[in-house]
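Next up, coords-v5.cif (mmCIF, C-alpha atoms):
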```
data_my_file
#
loop_
_atom_site.group_PDB
_atom_site.id
_atom_site.type_symbol
_atom_site.label_atom_id
_atom_site.label_comp_id
_atom_site.auth_asym_id
_atom_site.auth_seq_id
_atom_site.Cartn_x
_atom_site.Cartn_y
_atom_site.Cartn_z
ATOM 1 C CA MET A 237 45.191 75.273 245.539
ATOM 2 C CA ALA A 238 48.942 75.563 245.616
ATOM 3 C CA SER A 239 50.046 78.543 243.586
ATOM 4 C CA VAL A 240 53.510 77.154 242.897
ATOM 5 C CA LEU A 241 54.425 73.712 241.621
ATOM 6 C CA LEU A 242 55.506 71.699 244.617
ATOM 7 C CA SER A 243 58.468 69.388 244.390
ATOM 8 C CA SER A 244 57.433 65.745 244.627
ATOM 9 C CA SER A 245 60.579 64.960 246.553
ATOM 10 C CA GLY A 246 58.977 66.866 249.347
ATOM 11 C CA SER A 247 60.597 69.362 251.665
ATOM 12 C CA GLY A 248 57.247 69.856 253.323
ATOM 13 C CA ARG A 249 57.149 70.632 257.012
ATOM 14 C CA TYR A 250 58.451 67.698 259.022
ATOM 15 C CA ILE A 251 58.427 67.440 262.811
ATOM 16 C CA THR A 252 60.035 64.221 264.001
ATOM 17 C CA LYS A 253 57.529 63.224 266.648
ATOM 18 C CA ALA A 254 54.415 64.615 264.959
ATOM 19 C CA ALA A 255 51.925 62.096 263.526
ATOM 20 C CA LYS A 256 52.091 61.653 259.777
ATOM 21 C CA ALA A 257 49.645 60.181 257.320
ATOM 22 C CA ILE A 258 49.672 58.680 253.855
ATOM 23 C CA ARG A 259 46.695 60.315 252.184
ATOM 24 C CA LEU A 260 45.281 61.732 248.987
ATOM 25 C CA ALA A 261 45.691 65.388 248.063
ATOM 26 C CA ARG A 262 43.232 66.669 245.484
ATOM 27 C CA HIS A 263 44.774 68.337 242.473
ATOM 28 C CA GLY A 264 43.159 68.780 239.086
ATOM 29 C CA CYS A 265 40.438 71.400 238.776
ATOM 30 C CA THR A 266 36.692 71.857 238.979
ATOM 31 C CA ASN A 267 34.839 68.736 237.835
ATOM 32 C CA ARG A 268 38.128 67.044 236.996
ATOM 33 C CA PRO A 269 39.574 65.435 240.109
ATOM 34 C CA PHE A 270 43.101 64.126 240.184
ATOM 35 C CA PHE A 271 44.847 63.005 243.318
ATOM 36 C CA HIS A 272 48.402 62.857 244.488
ATOM 37 C CA ILE A 273 49.179 60.231 247.077
ATOM 38 C CA VAL A 274 51.354 62.019 249.585
ATOM 39 C CA VAL A 275 52.758 61.661 253.044
ATOM 40 C CA MET A 276 52.350 64.713 255.227
ATOM 41 C CA MET A 277 51.783 65.629 258.833
ATOM 42 C CA LYS A 278 48.329 64.782 260.089
ATOM 43 C CA GLY A 279 45.683 67.468 260.095
ATOM 44 C CA ARG A 280 47.488 69.707 257.633
ATOM 45 C CA ASN A 281 45.799 71.282 254.653
ATOM 46 C CA GLN A 282 46.026 68.965 251.644
ATOM 47 C CA HIS A 283 47.459 71.739 249.478
ATOM 48 C CA GLU A 284 50.391 72.380 251.742
ATOM 49 C CA GLN A 285 53.721 71.081 250.599
ATOM 50 C CA PRO A 286 53.927 67.333 251.287
ATOM 51 C CA ILE A 287 56.834 65.590 252.940
ATOM 52 C CA GLU A 288 56.951 63.293 249.954
ATOM 53 C CA GLN A 289 54.747 62.305 247.027
ATOM 54 C CA LEU A 290 54.214 58.565 246.873
ATOM 55 C CA GLY A 291 52.034 58.179 243.797
ATOM 56 C CA SER A 292 49.031 59.426 241.894
ATOM 57 C CA PHE A 293 45.427 58.428 241.317
ATOM 58 C CA ASP A 294 43.233 59.380 238.386
ATOM 59 C CA PRO A 295 39.635 58.552 239.363
ATOM 60 C CA MET A 296 38.158 59.274 235.930
ATOM 61 C CA PRO A 297 38.190 56.167 233.686
ATOM 62 C CA ASN A 298 40.158 56.612 230.466
ATOM 63 C CA ASN A 299 39.134 55.437 226.984
ATOM 64 C CA TYR A 300 39.890 51.852 227.919
ATOM 65 C CA GLY A 301 37.756 52.023 231.085
ATOM 66 C CA GLU A 302 40.700 52.068 233.445
ATOM 67 C CA GLN A 303 41.325 54.161 236.517
ATOM 68 C CA LEU A 304 45.050 54.652 236.713
ATOM 69 C CA VAL A 305 46.857 54.441 240.021
ATOM 70 C CA SER A 306 50.574 54.592 240.592
ATOM 71 C CA PHE A 307 52.379 53.818 243.807
ATOM 72 C CA ASN A 308 55.987 54.102 244.882
ATOM 73 C CA PHE A 309 55.766 50.935 246.960
ATOM 74 C CA GLU A 310 59.343 51.171 248.144
ATOM 75 C CA ARG A 311 58.715 54.548 249.804
ATOM 76 C CA ILE A 312 55.269 53.506 251.039
ATOM 77 C CA GLN A 313 56.906 50.614 252.878
ATOM 78 C CA TYR A 314 59.409 53.025 254.377
ATOM 79 C CA TRP A 315 56.760 55.433 255.608
ATOM 80 C CA ILE A 316 54.586 52.657 257.014
ATOM 81 C CA GLY A 317 57.686 51.532 258.859
ATOM 82 C CA GLN A 318 58.009 55.034 260.278
ATOM 83 C CA GLY A 319 54.563 54.586 261.835
ATOM 84 C CA CYS A 320 52.509 56.623 259.360
ATOM 85 C CA GLU A 321 48.767 56.329 259.461
ATOM 86 C CA ILE A 322 46.978 55.560 256.204
ATOM 87 C CA SER A 323 43.797 57.413 255.371
ATOM 88 C CA THR A 324 40.749 55.365 254.361
ATOM 89 C CA PRO A 325 40.777 56.233 250.624
ATOM 90 C CA ALA A 326 44.510 55.533 250.407
ATOM 91 C CA ALA A 327 44.084 52.277 252.341
ATOM 92 C CA GLU A 328 41.257 51.278 249.990
ATOM 93 C CA LEU A 329 43.503 51.737 246.977
ATOM 94 C CA LEU A 330 46.340 49.868 248.655
ATOM 95 C CA GLY A 331 43.860 47.114 249.492
ATOM 96 C CA LEU A 332 42.573 46.834 245.935
ATOM 97 C CA CYS A 333 46.091 46.434 244.555
ATOM 98 C CA GLY A 334 46.848 43.583 246.938
ATOM 99 C CA PHE A 335 49.438 45.450 249.018
ATOM 100 C CA LEU A 336 47.221 45.516 252.125
ATOM 101 C CA PRO A 337 44.174 43.372 252.938
ATOM 102 C CA VAL A 338 41.073 44.675 251.163
ATOM 103 C CA HIS A 339 39.631 47.513 253.226
ATOM 104 C CA PRO A 340 36.207 46.809 254.840
ATOM 105 C CA HIS A 341 34.933 50.043 253.323
ATOM 106 C CA SER A 342 35.524 48.655 249.816
ATOM 107 C CA TYR A 343 33.369 45.624 250.665
ATOM 108 C CA MET A 344 30.683 47.904 252.114
ATOM 109 C CA THR A 345 30.567 50.104 249.026
ATOM 110 C CA ALA A 346 30.473 47.094 246.736
ATOM 111 C CA TRP A 347 27.681 45.504 248.734
ATOM 112 C CA ARG A 348 25.633 48.726 248.759
ATOM 113 C CA ASN A 349 26.038 49.151 245.024
ATOM 114 C CA ARG A 350 24.935 45.566 244.429
ATOM 115 C CA ARG A 351 21.889 46.098 246.679
ATOM 116 C CA LEU A 352 20.940 49.306 244.850
ATOM 117 C CA LYS A 353 21.174 47.537 241.517
ATOM 118 C CA GLN A 354 19.005 44.709 242.776
ATOM 119 C CA GLN A 355 16.409 47.131 244.094
ATOM 120 C CA GLU A 356 16.293 48.906 240.747
ATOM 121 C CA LYS A 357 15.655 45.574 239.046
ATOM 122 C CA ASN A 358 12.748 44.424 241.214
ATOM 123 C CA PRO A 359 11.726 47.068 243.762
ATOM 124 C CA SER A 360 9.108 44.844 245.436
ATOM 125 C CA VAL A 361 11.575 42.250 246.731
ATOM 126 C CA GLU A 362 13.193 43.125 250.048
ATOM 127 C CA PRO A 363 16.973 42.587 249.665
ATOM 128 C CA LYS A 364 18.368 39.968 251.936
ATOM 129 C CA ASP A 365 21.492 40.674 253.898
ATOM 130 C CA GLN A 366 24.727 38.953 252.998
ATOM 131 C CA MET B 98 81.799 49.854 224.849
ATOM 132 C CA LEU B 99 83.216 51.177 221.601
ATOM 133 C CA ARG B 100 80.878 53.313 219.583
ATOM 134 C CA ALA B 101 81.173 51.004 216.592
ATOM 135 C CA GLU B 102 80.390 47.993 218.773
ATOM 136 C CA LYS B 103 77.375 49.751 220.174
ATOM 137 C CA LYS B 104 76.145 50.677 216.725
ATOM 138 C CA LEU B 105 76.663 47.161 215.379
ATOM 139 C CA GLN B 106 75.097 45.456 218.390
ATOM 140 C CA MET B 107 72.585 42.998 217.060
ATOM 141 C CA PRO B 108 69.048 43.280 218.363
ATOM 142 C CA PRO B 109 68.271 40.190 220.449
ATOM 143 C CA LEU B 110 66.546 37.326 218.670
ATOM 144 C CA LEU B 111 63.916 35.975 221.043
ATOM 145 C CA PRO B 112 61.056 33.526 220.875
ATOM 146 C CA GLU B 113 57.647 35.160 220.820
ATOM 147 C CA ARG B 114 56.491 36.126 224.290
ATOM 148 C CA LYS B 115 53.602 34.351 225.958
ATOM 149 C CA GLU B 116 50.458 36.181 227.005
ATOM 150 C CA ILE B 117 50.405 37.042 230.724
ATOM 151 C CA ASN B 118 47.524 35.225 232.331
ATOM 152 C CA PHE B 119 48.040 35.181 236.066
ATOM 153 C CA VAL B 120 45.276 35.702 238.620
ATOM 154 C CA PHE B 121 46.381 36.533 242.165
ATOM 155 C CA VAL B 122 42.984 36.308 243.799
ATOM 156 C CA ASP B 123 39.329 36.311 242.801
ATOM 157 C CA ASP B 124 37.150 38.248 245.246
ATOM 158 C CA PRO B 125 33.472 38.170 244.240
ATOM 159 C CA LYS B 126 32.609 40.302 247.265
ATOM 160 C CA LEU B 127 34.075 43.284 245.405
ATOM 161 C CA VAL B 128 31.613 43.047 242.496
ATOM 162 C CA GLY B 129 29.829 46.370 242.189
ATOM 163 C CA LEU B 130 32.591 48.489 243.694
ATOM 164 C CA SER B 131 33.428 50.128 240.409
ATOM 165 C CA GLU B 132 32.287 49.983 236.803
ATOM 166 C CA SER B 133 35.851 50.364 235.579
ATOM 167 C CA LYS B 134 39.134 48.578 236.082
ATOM 168 C CA PHE B 135 41.834 49.821 238.409
ATOM 169 C CA VAL B 136 45.353 49.636 237.039
ATOM 170 C CA PHE B 137 48.126 49.860 239.622
ATOM 171 C CA THR B 138 51.639 50.684 238.494
ATOM 172 C CA ASP B 139 54.705 50.428 240.678
ATOM 173 C CA ILE B 140 56.835 53.528 240.200
ATOM 174 C CA SER B 141 59.547 52.660 242.726
ATOM 175 C CA PHE B 142 62.992 54.002 241.915
ATOM 176 C CA GLY B 143 65.122 51.554 239.979
ATOM 177 C CA THR B 144 62.382 49.500 238.344
ATOM 178 C CA THR B 145 62.544 49.341 234.574
ATOM 179 C CA ASP B 146 59.676 49.097 232.105
ATOM 180 C CA ARG B 147 60.191 45.348 231.906
ATOM 181 C CA THR B 148 60.560 44.616 235.616
ATOM 182 C CA ARG B 149 57.992 46.907 237.197
ATOM 183 C CA THR B 150 54.907 45.342 238.713
ATOM 184 C CA ILE B 151 51.630 46.285 237.077
ATOM 185 C CA VAL B 152 48.435 44.719 238.406
ATOM 186 C CA VAL B 153 44.797 45.172 237.479
ATOM 187 C CA ARG B 154 41.680 44.898 239.638
ATOM 188 C CA ASP B 155 38.816 43.968 237.332
ATOM 189 C CA PRO B 156 35.211 45.059 237.988
ATOM 190 C CA ASP B 157 34.397 41.419 238.895
ATOM 191 C CA GLY B 158 36.857 41.568 241.799
ATOM 192 C CA LYS B 159 39.677 39.642 240.120
ATOM 193 C CA LEU B 160 43.202 40.817 240.921
ATOM 194 C CA ARG B 161 45.539 39.841 238.096
ATOM 195 C CA LYS B 162 48.778 40.762 236.416
ATOM 196 C CA ALA B 163 48.426 43.231 233.570
ATOM 197 C CA THR B 164 48.564 41.856 230.029
ATOM 198 C CA TRP B 165 51.306 42.912 227.644
ATOM 199 C CA ASP B 166 48.954 45.387 225.981
ATOM 200 C CA GLU B 167 48.138 47.043 229.274
ATOM 201 C CA ARG B 168 51.792 47.047 230.257
ATOM 202 C CA ALA B 169 52.786 48.737 227.030
ATOM 203 C CA ARG B 170 50.074 51.326 227.535
ATOM 204 C CA MET B 171 51.125 52.062 231.113
ATOM 205 C CA ASN B 172 54.814 52.182 230.260
ATOM 206 C CA SER B 173 54.313 54.640 227.429
ATOM 207 C CA LEU B 174 51.283 56.679 228.271
ATOM 208 C CA LEU B 175 51.888 58.864 225.256
ATOM 209 C CA GLU B 176 51.316 56.908 222.082
ATOM 210 C CA ARG B 177 53.860 58.491 219.772
ATOM 211 C CA GLU B 178 52.640 59.272 216.291
ATOM 212 C CA GLU B 179 55.912 60.209 214.694
ATOM 213 C CA TYR B 180 54.855 59.576 211.121
ATOM 214 C CA GLU B 181 56.933 62.350 209.618
ATOM 215 C CA PHE B 182 60.084 61.145 211.322
ATOM 216 C CA VAL B 183 59.638 57.632 209.965
ATOM 217 C CA LEU B 184 59.020 58.886 206.444
ATOM 218 C CA ASP B 185 61.970 61.284 206.520
ATOM 219 C CA ARG B 186 64.122 58.477 207.768
ATOM 220 C CA ALA B 187 62.904 56.176 204.992
ATOM 221 C CA CYS B 188 63.806 58.836 202.422
ATOM 222 C CA LEU B 189 67.330 59.047 203.787
ATOM 223 C CA GLN B 190 67.813 55.344 204.068
ATOM 224 C CA PHE B 191 66.329 53.864 200.901
ATOM 225 C CA GLU B 192 66.317 54.502 197.185
ATOM 226 C CA PRO B 193 62.803 55.501 196.178
ATOM 227 C CA ASP B 194 62.294 52.369 194.073
ATOM 228 C CA ASP B 195 63.471 50.106 196.859
ATOM 229 C CA PRO B 196 60.667 47.718 197.797
ATOM 230 C CA LYS B 197 61.450 48.407 201.434
ATOM 231 C CA PHE B 198 60.877 52.113 200.936
ATOM 232 C CA ILE B 199 57.572 51.498 199.223
ATOM 233 C CA HIS B 200 56.506 49.040 201.899
ATOM 234 C CA THR B 201 57.453 51.396 204.758
ATOM 235 C CA CYS B 202 55.615 54.324 203.200
ATOM 236 C CA LYS B 203 52.516 52.242 202.601
ATOM 237 C CA LEU B 204 52.518 51.048 206.205
ATOM 238 C CA VAL B 205 52.803 54.606 207.502
ATOM 239 C CA PHE B 206 50.151 55.941 205.137
ATOM 240 C CA ASP B 207 47.711 53.213 206.110
ATOM 241 C CA SER B 208 48.340 53.984 209.757
ATOM 242 C CA VAL B 209 47.765 57.697 209.133
ATOM 243 C CA ASN B 210 44.537 56.841 207.356
ATOM 244 C CA GLU B 211 43.440 54.557 210.181
ATOM 245 C CA THR B 212 43.928 57.221 212.824
ATOM 246 C CA SER B 213 42.744 60.036 210.523
ATOM 247 C CA SER B 214 45.746 62.112 211.559
ATOM 248 C CA PHE B 215 46.194 63.727 208.162
ATOM 249 C CA SER B 216 47.091 67.029 209.743
ATOM 250 C CA VAL B 217 50.407 65.536 210.905
ATOM 251 C CA LEU B 218 51.563 65.186 207.306
ATOM 252 C CA ARG B 219 49.827 68.235 205.842
ATOM 253 C CA SER B 220 52.373 70.865 204.747
ATOM 254 C CA THR B 221 55.144 68.291 204.568
ATOM 255 C CA ARG B 222 56.795 66.735 201.541
ATOM 256 C CA HIS B 223 54.971 63.474 202.223
ATOM 257 C CA TYR B 224 51.431 64.748 201.884
ATOM 258 C CA GLY B 225 51.374 64.285 198.106
ATOM 259 C CA SER B 226 52.480 60.684 198.332
ATOM 260 C CA LEU B 227 49.919 60.060 201.046
ATOM 261 C CA ILE B 228 47.088 61.368 198.866
ATOM 262 C CA PHE B 229 48.332 59.445 195.851
ATOM 263 C CA HIS B 230 48.528 56.237 197.849
ATOM 264 C CA LEU B 231 45.003 56.642 199.212
ATOM 265 C CA VAL B 232 43.523 57.531 195.837
ATOM 266 C CA GLU B 233 45.266 54.599 194.202
ATOM 267 C CA LYS B 234 43.799 52.275 196.835
ATOM 268 C CA GLU B 235 40.346 53.867 196.336
ATOM 269 C CA ASN B 236 40.282 54.619 200.034
ATOM 270 C CA ILE B 237 39.605 58.340 200.258
ATOM 271 C CA ASP B 238 36.511 58.316 202.475
ATOM 272 C CA ASP B 239 38.273 59.228 205.699
ATOM 273 C CA LEU B 240 40.347 61.915 204.029
ATOM 274 C CA LEU B 241 37.245 63.392 202.403
ATOM 275 C CA ILE B 242 35.422 63.463 205.731
ATOM 276 C CA GLU B 243 38.410 65.053 207.432
ATOM 277 C CA ASN B 244 38.602 67.699 204.700
ATOM 278 C CA MET B 245 34.939 68.529 205.140
ATOM 279 C CA LYS B 246 35.210 68.662 208.917
ATOM 280 C CA THR B 247 38.156 71.048 208.823
ATOM 281 C CA ASP B 248 36.594 73.408 206.232
ATOM 282 C CA ARG B 249 38.833 72.346 203.374
ATOM 283 C CA LEU B 250 36.293 72.220 200.576
ATOM 284 C CA GLU B 251 38.864 73.171 197.958
ATOM 285 C CA ASP B 252 41.145 70.343 199.033
ATOM 286 C CA ALA B 253 38.246 67.936 198.806
ATOM 287 C CA THR B 254 37.530 69.104 195.260
ATOM 288 C CA TRP B 255 41.136 68.628 194.222
ATOM 289 C CA LEU B 256 41.090 65.199 195.797
ATOM 290 C CA ILE B 257 38.074 64.185 193.744
ATOM 291 C CA THR B 258 39.593 65.644 190.589
ATOM 292 C CA LEU B 259 42.697 63.524 191.156
ATOM 293 C CA TYR B 260 40.483 60.533 191.837
ATOM 294 C CA HIS B 261 38.808 61.029 188.465
ATOM 295 C CA ILE B 262 42.149 61.273 186.683
ATOM 296 C CA ILE B 263 43.392 58.024 188.217
ATOM 297 C CA HIS B 264 40.093 56.158 187.995
ATOM 298 C CA PRO B 265 38.524 57.403 184.748
ATOM 299 C CA SER B 266 35.767 54.803 184.900
ATOM 300 C CA THR B 267 34.129 56.397 187.956
ATOM 301 C CA LYS B 268 30.458 57.213 187.467
ATOM 302 C CA SER B 269 30.723 60.748 188.817
ATOM 303 C CA LYS B 270 33.337 61.672 186.211
ATOM 304 C CA SER B 271 30.657 62.854 183.825
ATOM 305 C CA PHE B 272 29.693 65.623 186.252
ATOM 306 C CA ALA B 273 30.672 68.966 184.742
ATOM 307 C CA TYR B 274 32.509 70.702 187.554
ATOM 308 C CA SER B 275 32.782 74.454 187.759
ATOM 309 C CA PRO B 276 33.868 76.635 190.709
ATOM 310 C CA GLY B 277 30.997 77.091 193.129
ATOM 311 C CA LYS B 278 29.628 73.612 192.540
ATOM 312 C CA GLU B 279 32.001 71.865 194.974
ATOM 313 C CA LEU B 280 29.261 70.452 197.175
ATOM 314 C CA ASP B 281 27.394 69.033 194.192
ATOM 315 C CA LEU B 282 30.563 67.350 193.011
ATOM 316 C CA ILE B 283 31.051 65.670 196.362
ATOM 317 C CA LYS B 284 27.420 64.611 196.479
ATOM 318 C CA VAL B 285 27.689 62.986 193.053
ATOM 319 C CA LEU B 286 30.751 61.036 194.139
ATOM 320 C CA VAL B 287 29.211 59.863 197.380
ATOM 321 C CA MET B 288 25.886 58.840 195.858
#
```

structure tokens encoding of this file:
Amino acid sequence: MASVLLSSSGSGRYITKAAKAIRLARHGCTNRPFFHIVVMMKGRNQHEQPIEQLGSFDPMPNNYGEQLVSFNFERIQYWIGQGCEISTPAAELLGLCGFLPVHPHSYMTAWRNRRLKQQEKNPSVEPKDQ
Amino acid sequence: MLRAEKKLQMPPLLPERKEINFVFVDDPKLVGLSESKFVFTDISFGTTDRTRTIVVRDPDGKLRKATWDERARMNSLLEREEYEFVLDRACLQFEPDDPKFIHTCKLVFDSVNETSSFSVLRSTRHYGSLIFHLVEKENIDDLLIENMKTDRLEDATWLITLYHIIHPSTKSKSFAYSPGKELDLIKVLVM
């Protein structure tokens, strides 16, 4: 975990031709995940200083049953234009909000959850594929 | 703009806003992905609270614009409970027998009672009026519970004593109270 508070405007290590990725970086603490959505060079440790923070994601539902996500879409567009890759979890979130097409992984998870629920209801029936 | 002009600027008079009810897309294939909603807020530089895009993905796969309630919640994540400020301000602004003053105070006190945030007004000049208002409205249950929860048995006793003074016809008034019998007193009132 980063020992100092990192500036969200970035100043992380930036090499012009190196591959970069829009991804989640886990903050929060034990049993209480909280993610920053950052752009940083690929393959770096998530707790290194990012090039720029692009949003946040709180995966624990609040009192109203909402998971809160914020995106700086303007900067996300810029970084996609720079040829950034997007990690699967980040792409899933961007898909759910309608910015990108819904990620196949979201459909897979949803389908698996539905199948599990069905199996719990009547275990004898073999679930049919959709 | 001159300072006087700014201070005298009339608040805009607008027709009541319509509820936002706009569905972008309904995707039943996403049912089961999550038990909770996802709320996406655009935090791009330059967007204001009124213009920023806020969308919600419901558990049934519907992608829609956020309602006004949700927007308000996202735009001010901290619900401000500045009761003391409002009351202080009312004291400055109104004469104490002004109906507006009385109305404002009652609104604030009811809100305090609703949220059970009595500790905000405790040790301020408004606590007495709060208690008096609640006792007068025969609505001391929440306050009594809060007193018990925060180990304020003496306060609870005083509250009941005041209640008896204002409502002499209460059944429990006949109970002979003496120090040490606080719990019995409360029991008699609650029964």

List, as number ranges by chain, every residue that the PyMOL selection byres ((chain B) within 12 of (chain A)) selects in the file provided.
-> B: 120-144, 149-163, 166-167, 170-172, 174

Show which residues sit within 7 Å of region 194-206 of chain B, as a PDB file with C-alpha atoms, keeping the file's coordinate frame. Count only C-alpha atoms, and ignore same-chain residues fewer than 3 positions away.
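Output below, filename selection_23.pdb:
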```pdb
ATOM      1  CA  TYR B 180      54.855  59.576 211.121  1.00  0.00           C
ATOM      2  CA  LEU B 184      59.020  58.886 206.444  1.00  0.00           C
ATOM      3  CA  ALA B 187      62.904  56.176 204.992  1.00  0.00           C
ATOM      4  CA  PHE B 191      66.329  53.864 200.901  1.00  0.00           C
ATOM      5  CA  VAL B 209      47.765  57.697 209.133  1.00  0.00           C
ATOM      6  CA  ASN B 210      44.537  56.841 207.356  1.00  0.00           C
ATOM      7  CA  LEU B 227      49.919  60.060 201.046  1.00  0.00           C
TER       8      LEU B 227
END
```

For Leu336 (chain A), which residue among A:Gln313, A:Cys320, A:Glu284, A:Gln355 is the nearest when counting all atoms listed in the file?
->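 Nearest to Leu336 (chain A): A:Gln313.
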
Met276 (chain A) environment, 9 Å, only C-alpha atoms, sequence neighbours closer than 4 positions dropped, as JSON, numbers by chain = {"A": [248, 249, 250, 255, 256, 257, 258, 259, 280, 282, 284, 285, 286, 287, 288, 289]}

Region 272-286 of chain B: which residues within 9 Å, counting only C-alpha atoms, same-chain residues fewer than 3 positions away excluded, as a ChimeraX atom specification?
-> /B:241,250-251,253-254,257,267-269

Could you expand the PyMOL selection byres ((chain A and resi 262) around 12) into the explicit residues it covers here, written as JSON, numbers by chain?
-> {"A": [237, 238, 259, 260, 261, 263, 264, 265, 266, 267, 268, 269, 270, 271, 272, 273, 274, 281, 282, 283, 284, 292, 293, 294, 295, 325]}

All heavy atoms modelled onto region 196-202 of chain B, as a CSV table (one decimal), keeping the file's coordinate frame:
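Listing of rebuild11.csv after writing:
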```csv
chain,number,residue,atom,x,y,z
B,196,PRO,N,61.9,48.3,197.3
B,196,PRO,CA,60.7,47.7,197.8
B,196,PRO,C,60.5,48.0,199.3
B,196,PRO,O,59.3,48.2,199.7
B,196,PRO,CB,60.8,46.2,197.6
B,196,PRO,CG,62.1,46.0,196.9
B,196,PRO,CD,62.8,47.2,196.6
B,197,LYS,N,61.6,48.1,200.0
B,197,LYS,CA,61.4,48.4,201.4
B,197,LYS,C,60.9,49.8,201.7
B,197,LYS,O,60.1,50.0,202.6
B,197,LYS,CB,62.8,48.3,202.1
B,197,LYS,CG,63.2,46.9,202.5
B,197,LYS,CD,64.5,46.9,203.3
B,197,LYS,CE,65.0,45.5,203.4
B,197,LYS,NZ,66.5,45.6,203.6
B,198,PHE,N,61.4,50.7,200.8
B,198,PHE,CA,60.9,52.1,200.9
B,198,PHE,C,59.4,52.2,200.7
B,198,PHE,O,58.6,52.8,201.4
B,198,PHE,CB,61.6,53.0,199.9
B,198,PHE,CG,61.1,54.4,199.9
B,198,PHE,CD1,61.5,55.3,200.9
B,198,PHE,CD2,60.3,54.9,198.9
B,198,PHE,CE1,61.0,56.6,200.9
B,198,PHE,CE2,59.9,56.1,198.8
B,198,PHE,CZ,60.2,57.0,199.8
B,199,ILE,N,59.0,51.5,199.6
B,199,ILE,CA,57.6,51.5,199.2
B,199,ILE,C,56.7,50.9,200.3
B,199,ILE,O,55.7,51.4,200.7
B,199,ILE,CB,57.4,50.8,197.9
B,199,ILE,CG1,58.1,51.5,196.8
B,199,ILE,CG2,55.9,50.6,197.5
B,199,ILE,CD1,58.3,50.8,195.5
B,200,HIS,N,57.2,49.7,200.9
B,200,HIS,CA,56.5,49.0,201.9
B,200,HIS,C,56.4,49.9,203.2
B,200,HIS,O,55.3,50.0,203.7
B,200,HIS,CB,57.2,47.7,202.2
B,200,HIS,CG,56.6,46.9,203.3
B,200,HIS,ND1,55.3,46.3,203.1
B,200,HIS,CD2,56.9,46.6,204.6
B,200,HIS,CE1,55.0,45.7,204.2
B,200,HIS,NE2,55.9,45.9,205.1
B,201,THR,N,57.5,50.5,203.6
B,201,THR,CA,57.5,51.4,204.8
B,201,THR,C,56.4,52.5,204.6
B,201,THR,O,55.6,52.8,205.5
B,201,THR,CB,58.8,52.0,205.0
B,201,THR,OG1,59.8,51.0,204.9
B,201,THR,CG2,58.9,52.7,206.4
B,202,CYS,N,56.5,53.2,203.4
B,202,CYS,CA,55.6,54.3,203.2
B,202,CYS,C,54.2,53.9,203.3
B,202,CYS,O,53.3,54.5,203.9
B,202,CYS,CB,55.9,55.0,201.9
B,202,CYS,SG,57.5,55.8,201.8
```
